[in-house]
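First comes the structure, then the notes that go with it.
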Amino acid sequence: GYFGADPLRLSCEKCFEGFLCFGVTSSRAYGTTRGDPTDLANEGGVICPVGHFCPLGSFKASPCGKGTYNQNSGSYNASNCTKCPENYFNNQTGQDTCYPCGGTSYSSDDQTFCQCKGRNRVFQSSDSACRCIPGYVIFDSGGNP
């Protein structure tokens with residue numbers, strides 16, 4: 001979570017917002033707006049990945065929570081994570097997108113799952129489909145299975 005611009009390593013600064021420093025970063029780029037490490041690949045600092053946010057002094061990315069997503073790298077605050085919109089869901093942390101509910105289900109915003117339309121059905125997040133619970137079958141509008 002720190003880097004040092006001092007070649008003698010007598011002082012260190014916290015890693016900047018939106019970046020990760022793994023303890024081996026030795027310098028920073030002067031004249032930049034964010035003070036990111038000059039060589040991210042070689043000096044151990046990396047920009048915060050999508051689906052996450054990295055506050056000041058981060059050495060580990062914080063994932064956006066379930067029901068939210070973040071498509072931008074370099075985020076630094078949990079407020080950068082966006083709620084999933086209506087009829088979308090996300091049941092995992094650290095994601096860069098939300099998934100559609102499907103034609104037989106729905107959700108309000110900020111959801112980790114979708115609700116199935118109709119009775120005796122359960123939502124399957126793996127394919128966004130609603131399945132009958134054990135012991136039930138789907139009937140069409142004419143009453144045929």
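Ordering of the structure tokens sets the chain letters (A, B, ...); residue numbers start at 1 within each chain; ligands are numbered from 1 in the order shown.
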### Task
Using only C-alpha atoms, determine which residues lie at most 9 Å from region 97-114 of chain A, disregarding the query and same-chain residues fewer than 2 positions distant; provide the list as a count of residues only.
29
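In this structure, CA of Gly74 (chain A) sits 15.7 Å away from CA of Phe22 (chain A).
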#### Entry: Residue neighbourhood Phe59 (chain A), 6 Å, only C-alpha atoms, exclusion window fewer than 5 positions, as an MDAnalysis selection string
chainID A and resid 1 20:22
### Query
Between CA of Thr93 (chain A) and CA of Gln115 (chain A), what is the distance, to one decimal in Å?
19.9 Å
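You will find CA of Pro49 (chain A) at 4.8 Å from CA of Ser73 (chain A).
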### Query
Leaving out Pro134 (chain A) and any residue of its chain fewer than 3 positions from it, which residues lie within 10 Å of it when counting only C-alpha atoms, given as number ranges by chain?
A: 120-122, 131, 137
Write a file of the just-selected residues containing C-alpha atoms, as a compact mmCIF listing (two decimals), in the first residue's frame.
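The resulting result_16.txt:
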# COMPACT_ATOMS: atom_id res chain seq x y z
CA ASN A 120 -43.86 -23.08 -7.84
CA ARG A 121 -40.81 -21.93 -9.80
CA VAL A 122 -37.26 -21.13 -8.79
CA ARG A 131 -37.49 -23.92 -13.40
CA VAL A 137 -44.43 -29.40 -14.38
### Task
Could you give me, as a VMD selection string, each residue of region 82-116 of chain A that DSSP assigns to strand (DSSP E or B) when run on this structure's backbone?
chain A and resid 82 to 83 88 to 89 99 to 100 105 to 106 115 to 116
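Between Cys64 (chain A) and the residues A:Ile138, A:Leu10, A:Cys81, A:Val50, the shortest atom-to-atom distance, using only C-alpha atoms, involves A:Cys81.
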